[in-house]
Structure formats: C-alpha cells, structure tokens
file work_18.txt (compact mmCIF, C-alpha atoms)
# COMPACT_ATOMS: atom_id res chain seq x y z
CA MET A 1 22.78 -12.92 -5.28
CA THR A 2 24.57 -9.61 -5.32
CA SER A 3 24.36 -7.26 -2.42
CA SER A 4 25.82 -3.83 -2.01
CA ARG A 5 28.74 -3.07 0.24
CA ARG A 6 26.44 -1.09 2.50
CA ALA A 7 24.10 -4.03 2.83
CA SER A 8 27.00 -6.37 3.53
CA LEU A 9 28.25 -4.10 6.29
CA ALA A 10 24.78 -3.85 7.78
CA LEU A 11 24.65 -7.61 7.72
CA LEU A 12 28.04 -8.03 9.32
CA SER A 13 26.88 -6.21 12.42
CA GLY A 14 23.91 -8.53 12.54
CA LEU A 15 26.22 -11.45 12.02
CA SER A 16 28.46 -10.55 14.91
CA LEU A 17 25.41 -10.65 17.10
CA ALA A 18 24.54 -14.03 15.67
CA THR A 19 28.07 -15.20 16.41
CA ALA A 20 27.81 -13.97 19.96
CA LEU A 21 24.60 -15.87 20.34
CA THR A 22 26.07 -19.03 18.95
CA ALA A 23 29.43 -18.87 20.71
CA CYS A 24 28.57 -21.36 23.44
CA THR A 25 27.59 -24.32 21.30
CA ALA A 26 28.28 -23.44 17.68
CA GLN A 27 29.39 -26.26 15.43
CA ALA A 28 31.06 -24.37 12.60
CA ASP A 29 32.62 -26.04 9.63
CA ALA A 30 34.35 -24.39 6.71
CA GLY A 31 32.64 -25.56 3.57
CA THR A 32 34.42 -24.92 0.32
CA ALA A 33 37.23 -22.66 1.52
CA ASP A 34 40.22 -22.53 -0.79
CA GLN A 35 42.23 -19.47 -1.87
CA ALA A 36 44.06 -17.37 0.68
CA ASN A 37 44.39 -13.57 0.33
CA ASP A 38 45.60 -10.50 2.19
CA SER A 39 42.64 -10.46 4.53
CA GLY A 40 43.88 -13.62 6.20
CA TYR A 41 40.58 -15.32 5.41
CA ALA A 42 40.37 -17.93 2.69
CA ASP A 43 37.72 -17.34 0.05
CA GLY A 44 34.81 -19.68 -0.03
CA THR A 45 31.46 -20.36 1.52
CA TYR A 46 31.30 -20.92 5.24
CA GLN A 47 28.34 -22.40 7.01
CA ALA A 48 27.54 -22.61 10.67
CA THR A 49 24.65 -23.80 12.73
CA GLY A 50 24.26 -22.17 16.10
CA ASN A 51 22.22 -23.15 19.11
CA TYR A 52 21.26 -20.82 21.92
CA GLU A 53 18.86 -20.50 24.80
CA SER A 54 16.08 -17.96 24.26
CA PRO A 55 13.45 -17.06 26.85
CA ALA A 56 11.17 -19.39 24.89
CA GLY A 57 13.63 -22.30 24.94
CA LYS A 58 16.42 -23.68 22.81
CA GLU A 59 16.64 -22.26 19.28
CA THR A 60 18.78 -22.88 16.21
CA ILE A 61 19.97 -20.60 13.41
CA ASP A 62 21.83 -21.39 10.17
CA VAL A 63 24.24 -18.82 8.74
CA SER A 64 26.13 -19.05 5.46
CA VAL A 65 28.78 -16.48 4.51
CA THR A 66 30.58 -16.26 1.16
CA LEU A 67 33.99 -14.55 1.08
CA ASP A 68 35.37 -13.32 -2.22
CA GLY A 69 38.77 -11.58 -2.18
CA GLY A 70 38.49 -11.33 1.58
CA VAL A 71 35.22 -9.41 1.32
CA VAL A 72 31.83 -10.78 2.28
CA SER A 73 29.98 -11.16 -1.02
CA ALA A 74 26.91 -12.96 0.26
CA VAL A 75 25.28 -13.75 3.54
CA ASP A 76 22.39 -16.10 3.94
CA VAL A 77 20.61 -16.43 7.24
CA THR A 78 18.17 -19.29 7.46
CA PRO A 79 16.00 -18.95 10.54
CA GLN A 80 15.33 -22.28 12.21
CA ALA A 81 13.53 -20.94 15.23
CA THR A 82 10.27 -22.58 16.19
CA ASN A 83 9.09 -19.80 18.47
CA PRO A 84 7.56 -16.92 16.43
CA THR A 85 9.33 -14.22 18.43
CA SER A 86 12.68 -15.92 18.01
CA LYS A 87 12.01 -16.35 14.32
CA THR A 88 11.28 -12.65 14.04
CA TRP A 89 14.60 -11.77 15.65
CA GLN A 90 16.48 -14.23 13.47
CA THR A 91 14.97 -12.94 10.24
CA ALA A 92 15.85 -9.39 11.28
CA PHE A 93 19.49 -10.31 10.65
CA ALA A 94 18.67 -10.86 7.01
CA SER A 95 17.50 -7.40 5.94
CA GLY A 96 19.50 -4.74 4.17
CA VAL A 97 18.93 -1.05 4.70
CA SER A 98 20.00 1.74 2.38
CA ASP A 99 19.78 5.51 2.81
CA GLU A 100 19.11 5.87 -0.86
CA VAL A 101 18.90 3.88 -4.02
CA VAL A 102 20.35 4.95 -7.32
CA GLY A 103 17.85 4.06 -10.00
CA ARG A 104 19.07 2.97 -13.41
CA SER A 105 17.46 3.81 -16.72
CA ILE A 106 15.18 1.05 -17.95
CA ASP A 107 17.10 1.22 -21.24
CA ASP A 108 20.34 0.25 -19.49
CA VAL A 109 18.99 -2.89 -17.83
CA GLU A 110 17.91 -6.01 -19.68
CA LEU A 111 14.39 -6.79 -18.52
CA ASP A 112 11.49 -9.09 -19.37
CA ALA A 113 8.96 -7.05 -17.37
CA VAL A 114 8.64 -4.10 -15.01
CA SER A 115 6.69 -3.96 -11.75
CA GLY A 116 5.66 -0.96 -9.72
CA ALA A 117 2.69 1.17 -8.96
CA SER A 118 -0.07 0.03 -11.28
CA LEU A 119 0.03 2.10 -14.41
CA THR A 120 -2.67 4.70 -14.57
CA THR A 121 -5.57 3.21 -16.45
CA GLU A 122 -7.28 5.10 -19.24
CA GLY A 123 -10.45 5.50 -17.20
CA PHE A 124 -8.54 7.02 -14.33
CA THR A 125 -6.72 9.46 -16.58
CA ALA A 126 -9.98 10.42 -18.28
CA ALA A 127 -11.59 11.11 -14.91
CA LEU A 128 -8.68 13.32 -13.87
CA ASP A 129 -8.91 15.18 -17.18
CA GLU A 130 -12.60 15.76 -16.61
CA ILE A 131 -11.95 17.21 -13.18
CA ALA A 132 -9.26 19.47 -14.59
CA ALA A 133 -11.68 20.68 -17.29
CA ASP A 134 -14.37 21.36 -14.66
CA ALA A 135 -11.86 23.22 -12.55
CA ARG A 136 -10.99 25.48 -15.47
CA GLY A 137 -14.74 26.08 -15.74
CA MET B 1 12.60 -16.14 -25.97
CA PRO B 2 8.94 -17.00 -25.44
CA ALA B 3 7.33 -18.95 -28.23
CA ASP B 4 4.11 -16.99 -28.03
CA SER B 5 2.78 -13.92 -26.33
CA THR B 6 -0.39 -11.91 -26.19
CA TRP B 7 -1.71 -8.81 -24.47
CA PHE B 8 -5.13 -7.41 -23.67
CA ASP B 9 -6.83 -4.99 -21.27
CA ALA B 10 -9.06 -6.38 -18.53
CA ILE B 11 -10.19 -5.32 -15.03
CA GLY B 12 -8.68 -1.90 -15.61
CA THR B 13 -5.15 -3.03 -16.32
CA ARG B 14 -2.89 -4.25 -19.11
CA TRP B 15 -2.23 -8.01 -19.22
CA THR B 16 0.69 -9.59 -21.04
CA ILE B 17 1.08 -13.37 -21.20
CA SER B 18 4.26 -14.87 -22.60
CA ALA B 19 4.46 -18.64 -22.95
CA ASP B 20 7.08 -21.19 -23.93
CA GLY B 21 4.48 -22.94 -26.08
CA PRO B 22 1.61 -21.80 -28.27
CA LEU B 23 -1.31 -19.90 -26.74
CA ASP B 24 -4.15 -21.25 -28.83
CA ALA B 25 -7.69 -19.87 -29.11
CA THR B 26 -9.13 -22.39 -26.66
CA THR B 27 -6.55 -21.53 -24.01
CA LEU B 28 -7.11 -17.81 -24.40
CA ALA B 29 -10.89 -18.25 -24.31
CA ARG B 30 -10.52 -20.02 -20.95
CA VAL B 31 -8.28 -17.22 -19.69
CA HIS B 32 -10.81 -14.56 -20.69
CA ASP B 33 -13.71 -16.54 -19.17
CA ARG B 34 -11.79 -16.90 -15.93
CA ILE B 35 -11.13 -13.16 -15.74
CA ALA B 36 -14.74 -12.29 -16.62
CA GLY B 37 -16.05 -14.71 -13.98
CA TYR B 38 -13.82 -13.23 -11.31
CA ASP B 39 -14.90 -9.71 -12.19
CA GLU B 40 -18.56 -10.75 -12.01
CA THR B 41 -18.05 -11.89 -8.43
CA TRP B 42 -15.59 -9.45 -6.92
CA SER B 43 -15.90 -6.16 -8.79
CA ARG B 44 -16.81 -3.17 -6.68
CA PHE B 45 -17.53 -1.24 -9.89
CA ARG B 46 -20.57 -3.16 -11.23
CA ASP B 47 -23.98 -3.44 -9.63
CA ASP B 48 -24.58 -7.13 -10.45
CA SER B 49 -21.52 -8.52 -8.63
CA LEU B 50 -21.54 -10.54 -5.42
CA VAL B 51 -19.73 -7.59 -3.81
CA ALA B 52 -22.54 -5.27 -4.90
CA ARG B 53 -25.19 -7.57 -3.41
CA ILE B 54 -23.28 -7.75 -0.12
CA SER B 55 -23.12 -3.94 -0.11
CA ARG B 56 -26.91 -3.73 -0.33
CA GLU B 57 -28.10 -6.43 2.01
CA ALA B 58 -26.98 -8.40 5.06
CA GLY B 59 -27.39 -12.17 4.83
CA THR B 60 -25.59 -15.40 4.05
CA TYR B 61 -23.81 -15.70 0.72
CA ARG B 62 -22.24 -18.75 -0.90
CA LEU B 63 -18.75 -17.89 -2.15
CA PRO B 64 -17.19 -19.18 -5.35
CA PRO B 65 -14.37 -21.76 -4.87
CA GLU B 66 -11.62 -19.13 -4.61
CA GLY B 67 -13.48 -17.09 -1.97
CA PRO B 68 -12.46 -18.78 1.28
CA ALA B 69 -8.72 -18.68 0.45
CA LEU B 70 -8.96 -14.99 -0.37
CA LEU B 71 -10.79 -14.05 2.82
CA ASP B 72 -8.53 -16.30 4.92
CA LEU B 73 -5.52 -14.44 3.57
CA TYR B 74 -7.16 -11.11 4.48
CA ASP B 75 -7.67 -12.45 8.01
CA ARG B 76 -4.00 -13.34 8.32
CA LEU B 77 -2.90 -9.98 6.93
CA ASN B 78 -5.31 -8.20 9.26
CA GLU B 79 -3.75 -9.94 12.25
CA ARG B 80 -0.17 -9.22 11.10
CA THR B 81 -0.91 -5.52 10.48
CA ALA B 82 -2.91 -4.98 13.67
CA GLY B 83 -6.05 -4.25 11.67
CA ALA B 84 -4.61 -1.99 8.96
CA VAL B 85 -5.30 -4.40 6.09
CA SER B 86 -8.97 -5.23 5.66
CA PRO B 87 -11.27 -5.99 2.73
CA LEU B 88 -13.70 -3.51 4.30
CA VAL B 89 -11.96 -0.32 3.16
CA GLY B 90 -14.39 -0.18 0.23
CA ARG B 91 -16.69 2.41 1.77
CA SER B 92 -13.83 4.78 2.55
CA LEU B 93 -12.38 4.41 -0.96
CA GLU B 94 -15.82 5.17 -2.35
CA ARG B 95 -16.22 8.19 -0.10
CA LEU B 96 -12.82 9.53 -1.13
CA GLY B 97 -13.96 9.41 -4.76
CA TYR B 98 -12.55 6.05 -5.90
CA ASP B 99 -16.08 4.96 -6.71
CA ALA B 100 -17.90 3.11 -9.48
CA ASP B 101 -18.09 6.28 -11.57
CA LEU B 102 -14.47 7.18 -10.80
CA SER B 103 -15.69 10.60 -9.70
CA LEU B 104 -12.39 11.20 -7.82
CA ARG B 105 -14.33 13.76 -5.81
CA PRO B 106 -14.39 13.16 -2.06
CA SER B 107 -17.91 13.24 -0.63
CA GLY B 108 -16.81 13.25 3.00
CA PRO B 109 -13.96 12.44 5.36
CA PRO B 110 -12.35 8.97 5.40
CA LEU B 111 -14.20 6.22 7.29
CA PRO B 112 -12.66 3.53 9.48
CA ALA B 113 -13.49 0.05 8.18
CA PRO B 114 -16.12 -1.80 10.20
CA SER B 115 -14.99 -4.91 12.03
CA ASP B 116 -16.73 -8.10 13.17
CA VAL B 117 -19.29 -7.96 10.40
CA LEU B 118 -18.06 -10.89 8.29
CA HIS B 119 -18.01 -14.51 9.44
CA LEU B 120 -16.69 -17.21 7.16
CA ASP B 121 -18.02 -20.73 7.61
CA GLY B 122 -16.67 -23.04 4.92
CA ASP B 123 -17.81 -21.48 1.67
CA LEU B 124 -20.60 -19.55 3.35
CA LEU B 125 -20.07 -15.92 4.23
CA HIS B 126 -22.34 -14.50 6.91
CA VAL B 127 -22.67 -10.75 6.48
CA LEU B 128 -24.12 -9.09 9.57
CA GLU B 129 -24.64 -5.67 8.03
CA PRO B 130 -24.29 -4.38 4.46
CA VAL B 131 -20.60 -3.65 3.79
CA LEU B 132 -18.61 -2.66 0.74
CA LEU B 133 -15.85 -5.19 0.11
CA ASP B 134 -12.73 -4.12 -1.73
CA VAL B 135 -10.43 -7.03 -2.54
CA GLY B 136 -7.96 -4.74 -4.28
CA ALA B 137 -5.10 -5.77 -1.97
CA ALA B 138 -5.01 -9.45 -2.97
CA GLY B 139 -7.73 -10.05 -5.54
CA LYS B 140 -5.76 -9.17 -8.64
CA GLY B 141 -2.98 -11.46 -7.47
CA GLN B 142 -5.43 -14.28 -6.92
CA LEU B 143 -6.82 -13.76 -10.41
CA VAL B 144 -3.28 -14.00 -11.80
CA ASP B 145 -2.92 -17.37 -9.99
CA LEU B 146 -6.23 -18.54 -11.43
CA VAL B 147 -5.16 -17.53 -14.95
CA GLY B 148 -1.92 -19.46 -14.36
CA ALA B 149 -3.98 -22.50 -13.39
CA GLU B 150 -5.94 -22.20 -16.64
CA LEU B 151 -2.69 -22.12 -18.62
CA ARG B 152 -1.39 -25.22 -16.84
CA ALA B 153 -4.71 -27.00 -17.39
CA CYS B 154 -4.23 -26.32 -21.11
CA GLY B 155 -0.73 -27.82 -21.08
CA VAL B 156 1.19 -24.54 -20.94
CA ASP B 157 3.87 -25.16 -18.28
CA GLY B 158 6.30 -22.31 -18.94
CA PHE B 159 4.88 -18.80 -18.80
CA LEU B 160 5.09 -15.28 -17.47
CA ILE B 161 1.81 -13.54 -16.66
CA ASP B 162 2.06 -9.79 -16.14
CA ALA B 163 -1.10 -8.06 -14.96
CA GLY B 164 -0.06 -4.44 -14.66
CA GLY B 165 3.11 -5.32 -12.74
CA ASP B 166 1.73 -8.25 -10.75
CA LEU B 167 3.63 -11.23 -12.11
CA LEU B 168 3.52 -15.01 -11.96
CA HIS B 169 6.31 -17.08 -13.48
CA ALA B 170 6.54 -20.78 -14.26
CA GLY B 171 9.26 -22.69 -16.05
CA ASP B 172 13.02 -23.10 -16.32
CA ARG B 173 14.00 -19.76 -17.82
CA PRO B 174 13.87 -17.06 -15.11
CA ALA B 175 12.33 -13.70 -15.94
CA ARG B 176 14.21 -10.51 -15.13
CA VAL B 177 11.78 -8.03 -13.61
CA GLY B 178 12.67 -4.40 -12.98
CA LEU B 179 11.35 -2.59 -9.91
CA ARG B 180 10.02 0.73 -11.15
CA GLN B 181 11.40 3.74 -9.30
CA PRO B 182 8.67 5.63 -7.44
CA GLY B 183 8.13 8.95 -9.16
CA ASP B 184 10.13 8.07 -12.28
CA PRO B 185 8.66 5.36 -14.53
CA SER B 186 11.73 5.49 -16.78
CA ARG B 187 14.00 4.11 -14.06
CA VAL B 188 14.27 0.96 -11.99
CA ILE B 189 15.75 0.63 -8.50
CA GLY B 190 16.46 -3.07 -8.72
CA VAL B 191 15.99 -6.29 -10.61
CA VAL B 192 14.40 -9.53 -9.43
CA GLU B 193 15.12 -12.86 -11.10
CA LEU B 194 11.75 -14.51 -10.95
CA ARG B 195 11.49 -18.28 -11.31
CA ASP B 196 8.51 -20.43 -10.36
CA ALA B 197 7.30 -17.64 -8.09
CA ALA B 198 5.21 -14.50 -8.03
CA LEU B 199 6.22 -10.85 -7.68
CA CYS B 200 3.70 -8.14 -6.89
CA GLY B 201 4.25 -4.48 -6.30
CA SER B 202 2.22 -1.66 -4.88
CA GLY B 203 2.88 2.04 -5.03
CA VAL B 204 1.13 5.28 -4.33
CA ASP B 205 2.89 7.66 -6.73
CA LEU B 206 0.54 6.88 -9.60
CA ARG B 207 -3.26 6.89 -9.39
CA ARG B 208 -3.32 9.91 -7.08
CA TRP B 209 -6.07 12.46 -7.02
CA GLY B 210 -7.30 15.53 -5.18
CA ASP B 211 -5.50 16.55 -2.04
CA GLY B 212 -2.93 13.75 -1.94
CA TRP B 213 -5.48 10.94 -1.95
CA HIS B 214 -4.46 7.47 -3.13
CA HIS B 215 -5.78 3.93 -2.93
CA VAL B 216 -3.75 2.32 -0.11
CA LEU B 217 -5.87 2.99 2.96
CA ASP B 218 -5.28 2.16 6.61
CA ALA B 219 -8.48 0.30 7.53
CA ARG B 220 -8.25 1.51 11.13
CA THR B 221 -8.74 5.12 10.08
CA GLY B 222 -9.76 4.99 6.43
CA TRP B 223 -6.95 7.45 5.65
CA PRO B 224 -4.31 6.90 2.96
CA THR B 225 -1.00 5.72 4.38
CA ARG B 226 1.95 8.15 4.33
CA ASP B 227 5.16 6.46 5.52
CA VAL B 228 5.79 4.04 2.68
CA VAL B 229 5.61 4.88 -1.02
CA ALA B 230 6.32 1.57 -2.77
CA THR B 231 6.61 -2.10 -1.93
CA TRP B 232 7.33 -5.36 -3.70
CA ALA B 233 6.89 -8.88 -2.39
CA VAL B 234 8.08 -12.18 -3.84
CA ALA B 235 6.13 -15.25 -2.72
CA SER B 236 5.04 -18.60 -4.09
CA SER B 237 1.62 -17.35 -5.20
CA ALA B 238 0.54 -14.03 -6.67
CA MET B 239 -2.36 -13.78 -4.22
CA VAL B 240 -0.01 -13.91 -1.25
CA ALA B 241 2.58 -11.66 -2.91
CA ASP B 242 -0.11 -9.11 -3.76
CA GLY B 243 -1.54 -9.11 -0.23
CA LEU B 244 1.92 -8.85 1.29
CA ALA B 245 2.79 -5.92 -0.96
CA THR B 246 -0.09 -4.05 0.68
CA ALA B 247 0.71 -5.34 4.17
CA LEU B 248 4.29 -4.06 3.80
CA PHE B 249 2.86 -0.52 3.87
CA PHE B 250 1.70 -1.10 7.44
CA ALA B 251 3.68 -3.85 9.18
CA ASP B 252 7.34 -4.29 9.99
CA PRO B 253 8.69 -6.77 7.44
CA ASP B 254 9.96 -9.00 10.25
CA ARG B 255 6.43 -9.44 11.47
CA LEU B 256 5.34 -10.60 8.03
CA GLU B 257 8.39 -12.84 7.59
CA ALA B 258 7.49 -14.61 10.81
CA ALA B 259 4.22 -15.76 9.24
CA PHE B 260 4.88 -15.88 5.48
CA ASP B 261 7.63 -17.12 3.22
CA LEU B 262 8.51 -13.90 1.41
CA THR B 263 11.26 -11.62 0.26
CA TYR B 264 10.58 -7.94 -0.19
CA VAL B 265 11.70 -4.41 -1.06
CA ARG B 266 10.17 -1.41 0.68
CA VAL B 267 10.75 2.25 -0.23
CA HIS B 268 9.91 4.79 2.47
CA ALA B 269 8.64 8.35 2.02
CA ASP B 270 12.05 9.70 3.15
CA GLY B 271 13.79 7.81 0.34
CA THR B 272 15.32 5.07 2.47
CA VAL B 273 14.95 1.50 1.32
CA ARG B 274 14.76 -1.74 3.24
CA TYR B 275 14.92 -5.12 1.55
CA SER B 276 15.57 -8.79 2.15
CA LEU B 277 19.12 -9.81 1.43
CA GLY B 278 17.52 -13.08 0.38
CA LEU B 279 15.82 -11.26 -2.49
CA PRO B 280 16.44 -13.26 -5.69
CA GLY B 281 18.03 -10.29 -7.40
CA GLU B 282 19.59 -6.95 -6.69
CA VAL B 283 18.69 -3.54 -5.28
CA PHE B 284 20.76 -0.69 -6.72
CA ALA B 285 21.77 0.65 -3.31

call {"tool": "encode", "arguments": {"input": "work_18.txt", "output": "structure tokens"}}
result
Amino acid sequence: MTSSRRASLALLSGLSLATALTACTAQADAGTADQANDSGYADGTYQATGNYESPAGKETIDVSVTLDGGVVSAVDVTPQATNPTSKTWQTAFASGVSDEVVGRSIDDVELDAVSGASLTTEGFTAALDEIAADARG
Amino acid sequence: MPADSTWFDAIGTRWTISADGPLDATTLARVHDRIAGYDETWSRFRDDSLVARISREAGTYRLPPEGPALLDLYDRLNERTAGAVSPLVGRSLERLGYDADLSLRPSGPPLPAPSDVLHLDGDLLHVLEPVLLDVGAAGKGQLVDLVGAELRACGVDGFLIDAGGDLLHAGDRPARVGLRQPGDPSRVIGVVELRDAALCGSGVDLRRWGDGWHHVLDARTGWPTRDVVATWAVASSAMVADGLATALFFADPDRLEAAFDLTYVRVHADGTVRYSLGLPGEVFA
C-alpha cells in the first residue's frame, strides 16, 4: 500500500512507542534487507515481534516496516493482543491522521466504481422540489 | 473487463452488477426476487412489511432467515457505540420528516430511541411495545450480501455489486473504488482496491433537508450527528461494512477495531481525516 509522508511520520512516532514497549524481550530479525543508502539503513522489509507486560498480562505485537531509499514506505502493525484493551492500544498505532485531504478529479483516476454518500434518489429530489415550490407559494 | 453488466433501480437506489460471466435471465430474476422479498420484510416505507406490523402492535414475530444476524450486528454496534447505533431510530427519522411520504417536514423535535423493547430468541423477536424499526444502517449492506449469495448460487463467482456506493466484490481481479469527496461529487479523496471484500460508505452531505437535518441519527438523542461528515469501512461482508460505516460516526475507530476486522476512512466536520494505514488503497493526504 502507499501511504503519505505525513502518515508515515505519524506512524513512526507510534512505532517508537512500540519499540520502547518491546525493548526488553524483542526478537527482531531483518527480513529481506539488501541495498544500502545514505540513511545508513538498508532497504527492505523488517519484521519484529515484541512481547511486553501489560496490566492485563503478557501481550505480543507484530510490526513490519518497509524501507525504500532510507524512507519508511510502509508500516504494518498486526495486533496480537488477547486482552481487548491491549488490542485497542495496539491498533491505535496503525492509524494515519491528516489535517486535510487533497481530492482528485474523478476523471484523473482510473476507477471501477465510486462510493460515498448515497446519491440523492429521484423521490428525495422530487420531495425537496415540492417543498421549494410550496415555499415560493 | 467484466463479461456482463446490468443496472436497475431498487429500494431507492441505483444498482450496478458487473460479472466475469454471463448474467442470464434466471440469475437476474433471482436477484430481483431477493431484493423484493427483503423490501417486503424490512421496508419502513410500506404498510404491509414486517416492520410496519411491528410499528402497529406489540407481540412475537418470526423473523426471516437473515433477521437474527442483522439484529445481532445491531446489538454489537450498539454496545461499541455506547447506544448511539440502534435500529430504533425509525420514529425520530419519521418525526424529522424522513417518513413514508418523504414529507421532509419535521412534525416535532427529535426523539431518543427506546431501549429494552426488543428481545431476540432464536428467530423469534419479542416486541414489548410498538416500535418503528429502521435498518438503514446495515440492511442495505445485508441485502447486497444476499444478492451476492444469489449470484454464487447461479455459478457467478466473479462479480462487483454496487448498490448506490455499497459494494461487494468477489473474484481475482480487484476493483478500484473511489471515495467520493464530501461536498464535491466530482472528486475523490482516495482509492480502495477491493478484492473478495465489501466497502460501504456513509455521508451526510447529500440527502439533507430543512434546517440541517440528515439521516444519520444518534439513537441516544434522536438528533443528527455533527462531528463526522463521511465514513467508509472495508470488511468481509457488506452488512458488517455498512453497519460499521454508520458506527464510525459515533465511536472511536480503535473501539470498533477491537471487535471487528475492518479498515476505514473517516472525514470529520473540520476537514481532518483519519484512516487505517492497513487500508487496501490510498488516501490522498
């Protein structure tokens, strides 16, 4: 998947928290790391499983990070928690937040379908027209 | 490209079905029967439906096979949203003018939905007092699932059903679905790659009337919600995706994610957007 830079940054802060949580017992292994670059980090997909003690007991979280040109291009957090509260906190790491979105014209994007607010049905439009006519009296 | 496609209007919305194989007359007849049967049971806009009978008289009613799953989902959504999602917002919608005649003229202030009046026991629904059900939050999604089941029963395994923006996909070729920008139908704010899953959206910028009224009501007060303007949910079934799209107006997404397997996009009234990074697609942020 593609995520925006803003989303990636938001995620990184979440990730550092995840790392802090996992620091005691994390078993990290670099997956498919290969190319080096200026960032000092080799590109590739890294996966780690962390264990930590929550108030509800021992919990586990899986995190996968993809580096491309030294930049995080994808982050995947797979909650493994069994306790609902822990699961809620773990999934919170996996949301992106944006101050605004920049819509694109439907003509510029190749689409099979569009989803949004249900299109106004004919009956609904007719009813609104009737009210407008009444209002004009 | 799909080998066959068809469109028609039913239950107040435009349906488009695209299939990898032929959609023959028998298959389409089953689809139309399925939709008509669902409408006969669940419509709030006809006086011979099960919903209409429940609105007139307390008693015990036997539900059709899809009924228990629908009401169970409403129960789960009600719990996750602290009571905001309920099938009992019907009376408030009616009072605000979203009634059988589509008068769109409020006849009084919003009404909180009643609680503890429905008890489900297997396929029997005990109704303690007459209530007006509105299954608008998840019913259309469930009907999309049921139409999908009819297609599969007729040997159609690859398809995209689009019921006014509530979509169910099956097959190997993913569908690219645009997320319509609230307030501007000519633009999209993201694209979801839908494969063997459902995507449903809900928004309050269309179908508005009077003094800012719209159809997404908080059952606790009966008032239209204000903080969120559009939501989309991706889930394995259209019923669940549809219900979650409504629940996302009221509950923190984390609370829903703790109980359902979903990804989502949520647009707030102040223009900010929150979405799952696990979304199978992209938000143009």

call {"tool": "closest_atom_pairs", "arguments": {"input": "work_18.txt", "of": "range 208-264 of chain B", "to": "range 73-95 of chain B", "cutoff": "6 Å", "atoms": "all atoms listed in the file", "output": "tab-separated table"}}
result
residue	atom	partner	partner_atom	distance
B:Asp218	CA	B:Ala84	CA	4.8
B:Ala219	CA	B:Ala84	CA	4.7
B:Arg220	CA	B:Ala84	CA	5.5
B:Gly222	CA	B:Ser92	CA	5.6
B:Phe250	CA	B:Thr81	CA	6.0
B:Ala251	CA	B:Thr81	CA	5.1

call {"tool": "atom_distance", "arguments": {"input": "work_18.txt", "atom1": "CA of Asp4 in chain B", "atom2": "CA of Gly178 in chain B"}}
result
21.4 Å

call {"tool": "residues_around", "arguments": {"input": "work_18.txt", "residues": "Arg173 in chain B", "least_positions_apart": "2", "cutoff": "10 Å", "atoms": "all atoms listed in the file", "output": "list in words"}}
result
Met1, Pro2, Asp20, Gly158, Phe159, Leu160, His169, Ala170, Gly171, Ala175, Arg176, Glu193, Leu194, Arg195 and Asp196 of chain B

call {"tool": "atom_distance", "arguments": {"input": "work_18.txt", "atom1": "CA of Glu40 in chain B", "atom2": "CA of Ala52 in chain B"}}
result
9.8 Å

call {"tool": "atom_distance", "arguments": {"input": "work_18.txt", "atom1": "CA of Gly141 in chain B", "atom2": "CA of Leu199 in chain B"}}
result
9.2 Å

call {"tool": "interface_residues", "arguments": {"input": "work_18.txt", "of": "chain B", "to": "chain A", "cutoff": "6 Å", "atoms": "all atoms listed in the file", "output": "number ranges by chain"}}
result
B: 164-165, 175-180, 186-189, 201-203, 207, 254, 258, 271-277, 281-282, 284-285

call {"tool": "write_last_selection", "arguments": {"input": "work_18.txt", "atoms": "C-alpha atoms", "output": "short mmCIF file (atom, residue, chain, number, x, y, z; two decimals), in the frame of the given file"}}
result
data_model
loop_
_atom_site.label_atom_id
_atom_site.label_comp_id
_atom_site.auth_asym_id
_atom_site.auth_seq_id
_atom_site.Cartn_x
_atom_site.Cartn_y
_atom_site.Cartn_z
CA GLY B 164 -0.06 -4.44 -14.66
CA GLY B 165 3.11 -5.32 -12.74
CA ALA B 175 12.33 -13.70 -15.94
CA ARG B 176 14.21 -10.51 -15.13
CA VAL B 177 11.78 -8.03 -13.61
CA GLY B 178 12.67 -4.40 -12.98
CA LEU B 179 11.35 -2.59 -9.91
CA ARG B 180 10.02 0.73 -11.15
CA SER B 186 11.73 5.49 -16.78
CA ARG B 187 14.00 4.11 -14.06
CA VAL B 188 14.27 0.96 -11.99
CA ILE B 189 15.75 0.63 -8.50
CA GLY B 201 4.25 -4.48 -6.30
CA SER B 202 2.22 -1.66 -4.88
CA GLY B 203 2.88 2.04 -5.03
CA ARG B 207 -3.26 6.89 -9.39
CA ASP B 254 9.96 -9.00 10.25
CA ALA B 258 7.49 -14.61 10.81
CA GLY B 271 13.79 7.81 0.34
CA THR B 272 15.32 5.07 2.47
CA VAL B 273 14.95 1.50 1.32
CA ARG B 274 14.76 -1.74 3.24
CA TYR B 275 14.92 -5.12 1.55
CA SER B 276 15.57 -8.79 2.15
CA LEU B 277 19.12 -9.81 1.43
CA GLY B 281 18.03 -10.29 -7.40
CA GLU B 282 19.59 -6.95 -6.69
CA PHE B 284 20.76 -0.69 -6.72
CA ALA B 285 21.77 0.65 -3.31
#

call {"tool": "residues_around", "arguments": {"input": "work_18.txt", "residues": "range 25-34 of chain B", "least_positions_apart": "5", "cutoff": "7 Å", "atoms": "all atoms listed in the file", "output": "PDB file with C-alpha atoms, keeping the file's coordinate frame"}}
result
ATOM      1  CA  VAL B 147      -5.160 -17.530 -14.950  1.00  0.00           C
ATOM      2  CA  GLU B 150      -5.940 -22.200 -16.640  1.00  0.00           C
ATOM      3  CA  LEU B 151      -2.690 -22.120 -18.620  1.00  0.00           C
ATOM      4  CA  CYS B 154      -4.230 -26.320 -21.110  1.00  0.00           C
TER       5      CYS B 154
END
